[in-house]
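Have a look at the structure below, then the notes.
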Amino acid sequence: MGLARKDLLGMRELTIDEIRLILDTAESMKEVAGRDIKKVPALRGKTLINLFYEPSTRTRTSFEIAGKWLSADVINVSTPSSSVAKGESLKDTGLTLQAMHPDIVVLRHPASGAAELLARQLTASVINAGDGAHEHPSQALLDLFTIREKKGRLEGLKAAIVGDITHSRVARSNIHGMQRMGMEVRVAGPRTMMPCFIDRLGVEVFTDLERAIADVDVIMMLRLQLERQQASLFPSLREYSRLFGLTLERLKAAKSDVLIMHPGPINRGVEIAPEVADGPYSLILNQVENGVAVRMALLYLLAGGGQAG
Amino acid sequence: MGLARKDLLGMRELTIDEIRLILDTAESMKEVAGRDIKKVPALRGKTLINLFYEPSTRTRTSFEIAGKWLSADVINVSTPSSSVAKGESLKDTGLTLQAMHPDIVVLRHPASGAAELLARQLTASVINAGDGAHEHPSQALLDLFTIREKKGRLEGLKAAIVGDITHSRVARSNIHGMQRMGMEVRVAGPRTMMPCFIDRLGVEVFTDLERAIADVDVIMMLRLQLERQQASLFPSLREYSRLFGLTLERLKAAKSDVLIMHPGPINRGVEIAPEVADGPYSLILNQVENGVAVRMALLYLLAGGGQAG
Amino acid sequence: MGLARKDLLGMRELTIDEIRLILDTAESMKEVAGRDIKKVPALRGKTLINLFYEPSTRTRTSFEIAGKWLSADVINVSTPSSSVAKGESLKDTGLTLQAMHPDIVVLRHPASGAAELLARQLTASVINAGDGAHEHPSQALLDLFTIREKKGRLEGLKAAIVGDITHSRVARSNIHGMQRMGMEVRVAGPRTMMPCFIDRLGVEVFTDLERAIADVDVIMMLRLQLERQQASLFPSLREYSRLFGLTLERLKAAKSDVLIMHPGPINRGVEIAPEVADGPYSLILNQVENGVAVRMALLYLLAGGGQAG
């Protein structure tokens, strides 16, 4: 029926059966988005709080739409990062919100481990919508959903994740999720963007993009966080783009039916060329579309809703 | 029936019949606002995204209330102008939102033409809620509605629009709308605030306020954007106010039953004297009230809702 | 049945019977929060506008949840304090919002008297959610509700309010409310934080915390507004905390069943020690929980809703 857990904190903790349940539930939720009347009563009378300590349009909007289509009451609480320092601790904010009886709290926070900390305080379900460089499980689940939708399966597929692996919660969650589902994962990027514990993650490391993508089924490009340049992780945008940007030319090294993914927002012409982002094998918009369905599934499974309508 | 168009981008593109359909529909919507229970199921299961790249309380709130009274799900997405530069392009933001299956996107954006650009990308309906100095059609429609409500007709009436015509999307939309409905339009303001192509718009230009308002049925005062003073469009507030502020004294030059309009927010004592803004012929608050009704009509006609309740 | 008043501006204006009606109604509202389906149709088709000129997570969220559980349409309008100066006056903003036919406007504003000013302009009900250092009646009502819930009565109880009395709307509202309900109120804090008219409020003033709390039933600690230190109201955090912070040690001077309250957010280790805030007699989270119920009662009684479901 539902998930036998209160929270969704990371992909690392999910079993194969749990991931399958979520993806299967998302399939039926996706059908709702195609309807003329996009509304089911499953979470009527349930309250979802979106608690965002980092700005986010895409993820917050996706959870908000997911909640509203399921008839939940959705409350947005955005805390500008400036007030985090002087304000209440996450623990006290969590306890305060808890006292208002939400059923689910969706948390985005700049600190790794923030979601777990909150989950321990609350009886409400907590969904980690990104905690520092740690995990972003709903993103990995929508990525798995999208790959499975296109390829019909996950097991045995090969994926290359390209970019700043060290600072990417998307990479970390996908590595765990893909491996759990029987995929082989490799990573590619400059040495300065590889975490020191990378070998413990069971992935092969490439510093040459073309070799990394040569025989994979999925290429997942990460967003280059331009503010990292000041930290000297790469010498220049141009240099990064020349070595690790995915262009049509470079794509010739890959399989002809390779799937191109990106968590967005994309930097056109930096990590991905416009012709690739808009090309036939790009799944970038499918990812966004499936994001709503996957988040509906998560809300539904965690809030233990009744009929799905 | 419905409007035979996907988007509402400007007044310039609307036919007389379309404008009449919108105004007539708004009349029945206005009745809802007077009810004890302000709620009709017309847009249940439809999703409206308010995408605002400029701060706005009045227009955003008006669309949000209109959507909610029609039972739509309303999602607010505000992008602080600072993040526009570094962030995703409007096109990519639009495609991302599109993938979440909204039925209508209401866009406010500082660049002229932004709404048209977005409309071309999306299968969802786009309503232009102000694009740079170009158009703000829902404002012109609520102005026409308000004039028609008071005078019983539009054809043959004369209006004077007063202020910074160059930078006013309200002026531009009203000029197109009023002329389409058979009204005669003149504009008044300092030479520095008249667009160079003004004669092509078919309006008479006045630099003397009293002569401009002498025999009109409607005076529409524009908000003086105080930050323009730095651009040296006018020497001082006092100077502007002395020449183009609408006072009781100056109003003696106008017809005794002239209608006074202003899109708000007003600068009391600058372009309009408090006694005029709060006086018997001021329609400023009627405009706001009718704004909700007109926006309900637009949402209803574009989303092709079923019964209006 | 309902309250025989349009607005709730302060505790000072409420009669004993009105306070009892609100607290009794809140009791039945609290039952809704414990349900699996937290939704009653009482305010369906009613519109609530949260108009906040100061940042607030706790109070805004509490009113928003209260409104949504009662099925009202809730619109948030936040005006960053920077734009208050240059923007529309409160009066014009109020008249504009009024024209959109809200049933209730909840206002938070930095100026004392702002809610009363707004209430005079609007036919809609106005709830004061904090106006400068003046009043914050919904906070005092939830405090009274919480005390009554724990002690079974209000009359004859003694309370000590501790901290910066001069700048606290919470203190002011509680003094009026507690006295009206037959409680005896004393205040404690540094001389520099006592208003000069304090004796006119009918409270006893203490500058020694242990003497102040010696025989009271309720200790209400106020949040130390850290930015006041620059105004030299106290020499240092450490000094303030040493003299007026509530620690376990100091609590030995109080009754063994004393209730500990705080409007939040708390400064752990400043005005209240963590062991006290999280201890068995702390009602801090009960206050937050009851806040939703009390605000549901206020919305219900002021909007004159039909059945409460």
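Residues are referred to by chain and number: the chain letter is A, B, ... according to the order shown in the structure tokens, the number counts from 1 in that chain, and ligands are numbered separately from 1 in the order shown.
Residue-level contact on chain C: within 8 Å of chain A, counting only C-alpha atoms, the set is Ala33, Asp36, Ile37, Lys38, Lys39, Thr57, Arg58, Thr61, Ser62, Glu64, Ile65, Lys68, Trp69, Pro265, Ile266, Asn267, Leu285, Asn286, Val288, Glu289 and Val292 of chain C.
Near Leu248 (chain A), within 10 Å and counting only C-alpha atoms, sit Ala253, Ile272, Ala273, Pro274, Glu275, Val276, Ala277 and Gly279 of chain A; same-chain residues fewer than 5 positions away were not included.
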| Leaving out Asp208 (chain B) and any residue of its chain fewer than 5 positions from it, which residues lie within 8 Å of it when counting only C-alpha atoms, given as a list in words? | Ala188, Gly189 and Leu243 of chain B
Taking C-alpha atoms for each residue, export the selection above as a compact mmCIF listing (two decimals), in the first residue's frame.
```txt
# COMPACT_ATOMS: atom_id res chain seq x y z
CA ALA B 188 -1.34 65.33 -22.70
CA GLY B 189 2.03 65.66 -21.02
CA LEU B 243 1.74 71.80 -14.94
```
| request: From a DSSP calculation on the backbone, collect every residue of region 80-270 of chain B in strand (DSSP E or B) and output the set as JSON, numbers by chain. | output: {"B": [104, 105, 106, 107, 108, 109, 125, 126, 127, 128, 129, 130, 131, 135, 158, 159, 160, 161, 162, 184, 185, 186, 187, 188, 204, 205, 206, 218, 219, 220, 221, 246, 259, 260, 261, 268]}
Limited to N, CA and C atoms, could you put the picked residues into a file as a short mmCIF file (atom, residue, chain, number, x, y, z; two decimals), in the first residue's frame?
```
data_model
loop_
_atom_site.label_atom_id
_atom_site.label_comp_id
_atom_site.auth_asym_id
_atom_site.auth_seq_id
_atom_site.Cartn_x
_atom_site.Cartn_y
_atom_site.Cartn_z
N ILE B 104 -3.11 28.31 -17.77
CA ILE B 104 -2.91 29.72 -18.08
C ILE B 104 -1.66 30.21 -17.35
N VAL B 105 -0.84 30.99 -18.06
CA VAL B 105 0.28 31.68 -17.42
C VAL B 105 0.05 33.18 -17.56
N VAL B 106 0.01 33.88 -16.42
CA VAL B 106 -0.10 35.34 -16.42
C VAL B 106 1.31 35.88 -16.23
N LEU B 107 1.78 36.67 -17.19
CA LEU B 107 3.17 37.13 -17.18
C LEU B 107 3.28 38.64 -17.04
N ARG B 108 4.09 39.07 -16.08
CA ARG B 108 4.54 40.46 -16.07
C ARG B 108 6.05 40.44 -16.22
N HIS B 109 6.55 41.30 -17.10
CA HIS B 109 7.98 41.25 -17.42
C HIS B 109 8.43 42.64 -17.85
N SER B 125 -2.38 29.00 -22.34
CA SER B 125 -2.72 30.40 -22.64
C SER B 125 -1.81 31.34 -21.88
N VAL B 126 -1.42 32.41 -22.53
CA VAL B 126 -0.60 33.44 -21.87
C VAL B 126 -1.41 34.74 -21.81
N ILE B 127 -1.47 35.33 -20.63
CA ILE B 127 -2.08 36.65 -20.48
C ILE B 127 -0.96 37.63 -20.15
N ASN B 128 -0.84 38.64 -20.95
CA ASN B 128 0.14 39.69 -20.72
C ASN B 128 -0.36 40.62 -19.62
N ALA B 129 0.32 40.58 -18.46
CA ALA B 129 -0.06 41.46 -17.35
C ALA B 129 0.89 42.65 -17.27
N GLY B 130 1.43 43.03 -18.45
CA GLY B 130 2.35 44.15 -18.50
C GLY B 130 3.70 43.72 -18.99
N ASP B 131 4.09 44.16 -20.20
CA ASP B 131 5.42 43.85 -20.74
C ASP B 131 6.12 45.15 -21.11
N GLU B 135 2.33 46.80 -23.58
CA GLU B 135 0.88 46.67 -23.41
C GLU B 135 0.54 46.13 -22.02
N LYS B 158 -15.08 60.85 -25.63
CA LYS B 158 -13.73 61.41 -25.78
C LYS B 158 -12.94 61.21 -24.48
N ALA B 159 -11.69 60.77 -24.62
CA ALA B 159 -10.85 60.58 -23.43
C ALA B 159 -9.54 61.32 -23.58
N ALA B 160 -9.03 61.85 -22.45
CA ALA B 160 -7.68 62.43 -22.41
C ALA B 160 -6.83 61.58 -21.48
N ILE B 161 -5.69 61.14 -22.00
CA ILE B 161 -4.75 60.37 -21.17
C ILE B 161 -3.58 61.29 -20.87
N VAL B 162 -3.26 61.44 -19.57
CA VAL B 162 -2.32 62.50 -19.14
C VAL B 162 -1.13 61.93 -18.40
N GLU B 184 -12.66 58.68 -29.08
CA GLU B 184 -11.63 59.59 -29.56
C GLU B 184 -10.64 59.80 -28.43
N VAL B 185 -9.34 59.64 -28.72
CA VAL B 185 -8.34 59.71 -27.65
C VAL B 185 -7.37 60.85 -27.90
N ARG B 186 -7.10 61.62 -26.87
CA ARG B 186 -6.03 62.60 -26.93
C ARG B 186 -5.07 62.34 -25.77
N VAL B 187 -3.85 62.79 -25.92
CA VAL B 187 -2.88 62.61 -24.85
C VAL B 187 -2.32 63.96 -24.46
N ALA B 188 -1.92 64.08 -23.19
CA ALA B 188 -1.34 65.33 -22.70
C ALA B 188 -0.17 65.01 -21.79
N GLU B 204 -4.51 63.03 -30.73
CA GLU B 204 -4.12 64.43 -30.73
C GLU B 204 -3.23 64.69 -29.50
N VAL B 205 -2.17 65.47 -29.65
CA VAL B 205 -1.22 65.71 -28.56
C VAL B 205 -1.40 67.11 -28.00
N PHE B 206 -1.51 67.18 -26.67
CA PHE B 206 -1.63 68.47 -25.99
C PHE B 206 -0.48 68.63 -25.02
N VAL B 218 -13.77 61.50 -20.30
CA VAL B 218 -12.94 60.71 -19.40
C VAL B 218 -11.56 61.36 -19.31
N ILE B 219 -11.06 61.53 -18.09
CA ILE B 219 -9.65 61.93 -17.89
C ILE B 219 -8.94 60.77 -17.23
N MET B 220 -7.92 60.26 -17.90
CA MET B 220 -7.16 59.17 -17.32
C MET B 220 -5.77 59.67 -16.97
N MET B 221 -5.52 59.81 -15.67
CA MET B 221 -4.22 60.27 -15.19
C MET B 221 -3.30 59.06 -15.06
N LEU B 246 -3.66 67.00 -11.57
CA LEU B 246 -5.09 67.29 -11.68
C LEU B 246 -5.62 67.75 -10.33
N LEU B 259 -15.43 61.75 -16.04
CA LEU B 259 -14.99 60.62 -15.22
C LEU B 259 -13.49 60.72 -15.01
N ILE B 260 -13.04 60.53 -13.77
CA ILE B 260 -11.62 60.60 -13.44
C ILE B 260 -11.09 59.19 -13.19
N MET B 261 -10.06 58.80 -13.92
CA MET B 261 -9.52 57.45 -13.77
C MET B 261 -8.01 57.51 -13.52
N ARG B 268 -0.50 60.78 -4.41
CA ARG B 268 -1.36 61.89 -3.97
C ARG B 268 -0.57 63.20 -3.97
#
```
| task | State, in Å with one decimal place, the distance from CA of Leu209 (chain C) to CA of Ile147 (chain C). | result | 20.9 Å
| task | Would you list the contacts of Leu3 (chain C) as a ChimeraX atom specification, taking every protein, DNA or RNA residue within 9 Å and counting only C-alpha atoms, but skipping same-chain residues closer than 5 positions in sequence? | result | /C:18,21-22,298,301-302,304
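Of note, CA of Leu226 (chain A) and CA of Ala171 (chain A) are spaced 17.2 Å apart.
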| request: For Ile175 (chain A), list every protein, DNA or RNA residue within 8 Å, evaluated using only C-alpha atoms, and leave out those in the same chain fewer than 2 positions away; present the list as a PyMOL selection string. | output: chain A and resi 171-173+177-179+185+201+203
Selection from above, C-alpha atoms, as a tab-separated table (two decimals), in the first residue's frame, can you write it?
```
chain	number	residue	atom	x	y	z
A	171	ALA	CA	24.71	13.41	-8.57
A	172	ARG	CA	24.84	11.81	-5.13
A	173	SER	CA	21.15	10.87	-5.11
A	177	GLY	CA	19.34	5.32	-6.91
A	178	MET	CA	20.78	4.10	-10.20
A	179	GLN	CA	23.06	1.60	-8.52
A	185	VAL	CA	27.22	4.68	-13.09
A	201	LEU	CA	30.75	5.28	-4.23
A	203	VAL	CA	31.61	4.61	-9.75
```
| field | Contact residues around Gly94 (chain A) with only C-alpha atoms at 8 Å, ignoring same-chain residues under 3 positions, as a list in words | value | Leu90, Lys91, Leu97, Gln98, Leu118, Gln121 and Leu122 of chain A
Can you write just those residues out, N, CA and C atoms, as an mmCIF file, in the first residue's frame?
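Writing the result to result_18.cif gives the following:
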```cif
data_model
loop_
_atom_site.group_PDB
_atom_site.id
_atom_site.type_symbol
_atom_site.label_atom_id
_atom_site.label_comp_id
_atom_site.auth_asym_id
_atom_site.auth_seq_id
_atom_site.Cartn_x
_atom_site.Cartn_y
_atom_site.Cartn_z
ATOM 1 N N LEU A 90 16.887 25.710 12.994
ATOM 2 C CA LEU A 90 16.021 24.822 12.216
ATOM 3 C C LEU A 90 15.171 23.969 13.138
ATOM 4 N N LYS A 91 15.771 23.523 14.237
ATOM 5 C CA LYS A 91 15.037 22.681 15.180
ATOM 6 C C LYS A 91 13.824 23.424 15.732
ATOM 7 N N LEU A 97 6.508 24.648 13.489
ATOM 8 C CA LEU A 97 5.624 24.240 12.402
ATOM 9 C C LEU A 97 4.871 22.965 12.783
ATOM 10 N N GLN A 98 5.579 22.029 13.376
ATOM 11 C CA GLN A 98 4.971 20.784 13.837
ATOM 12 C C GLN A 98 3.721 21.043 14.673
ATOM 13 N N LEU A 118 15.580 17.525 10.965
ATOM 14 C CA LEU A 118 14.187 17.933 11.087
ATOM 15 C C LEU A 118 13.285 16.715 11.281
ATOM 16 N N GLN A 121 12.856 15.486 14.684
ATOM 17 C CA GLN A 121 12.062 16.332 15.585
ATOM 18 C C GLN A 121 10.563 16.179 15.382
ATOM 19 N N LEU A 122 10.170 15.831 14.146
ATOM 20 C CA LEU A 122 8.762 15.953 13.790
ATOM 21 C C LEU A 122 8.046 14.613 13.698
#
```
| field | Residues near Cys196 (chain B), cut-off 12 Å, only C-alpha atoms, skip fewer than 4 positions along chain, as a ChimeraX atom specification | value | /B:165-167,191-192,200-201,205
| query | So how far away is CA of Arg148 (chain A) from CA of Met11 (chain A), in Å? | reply | 16.5 Å
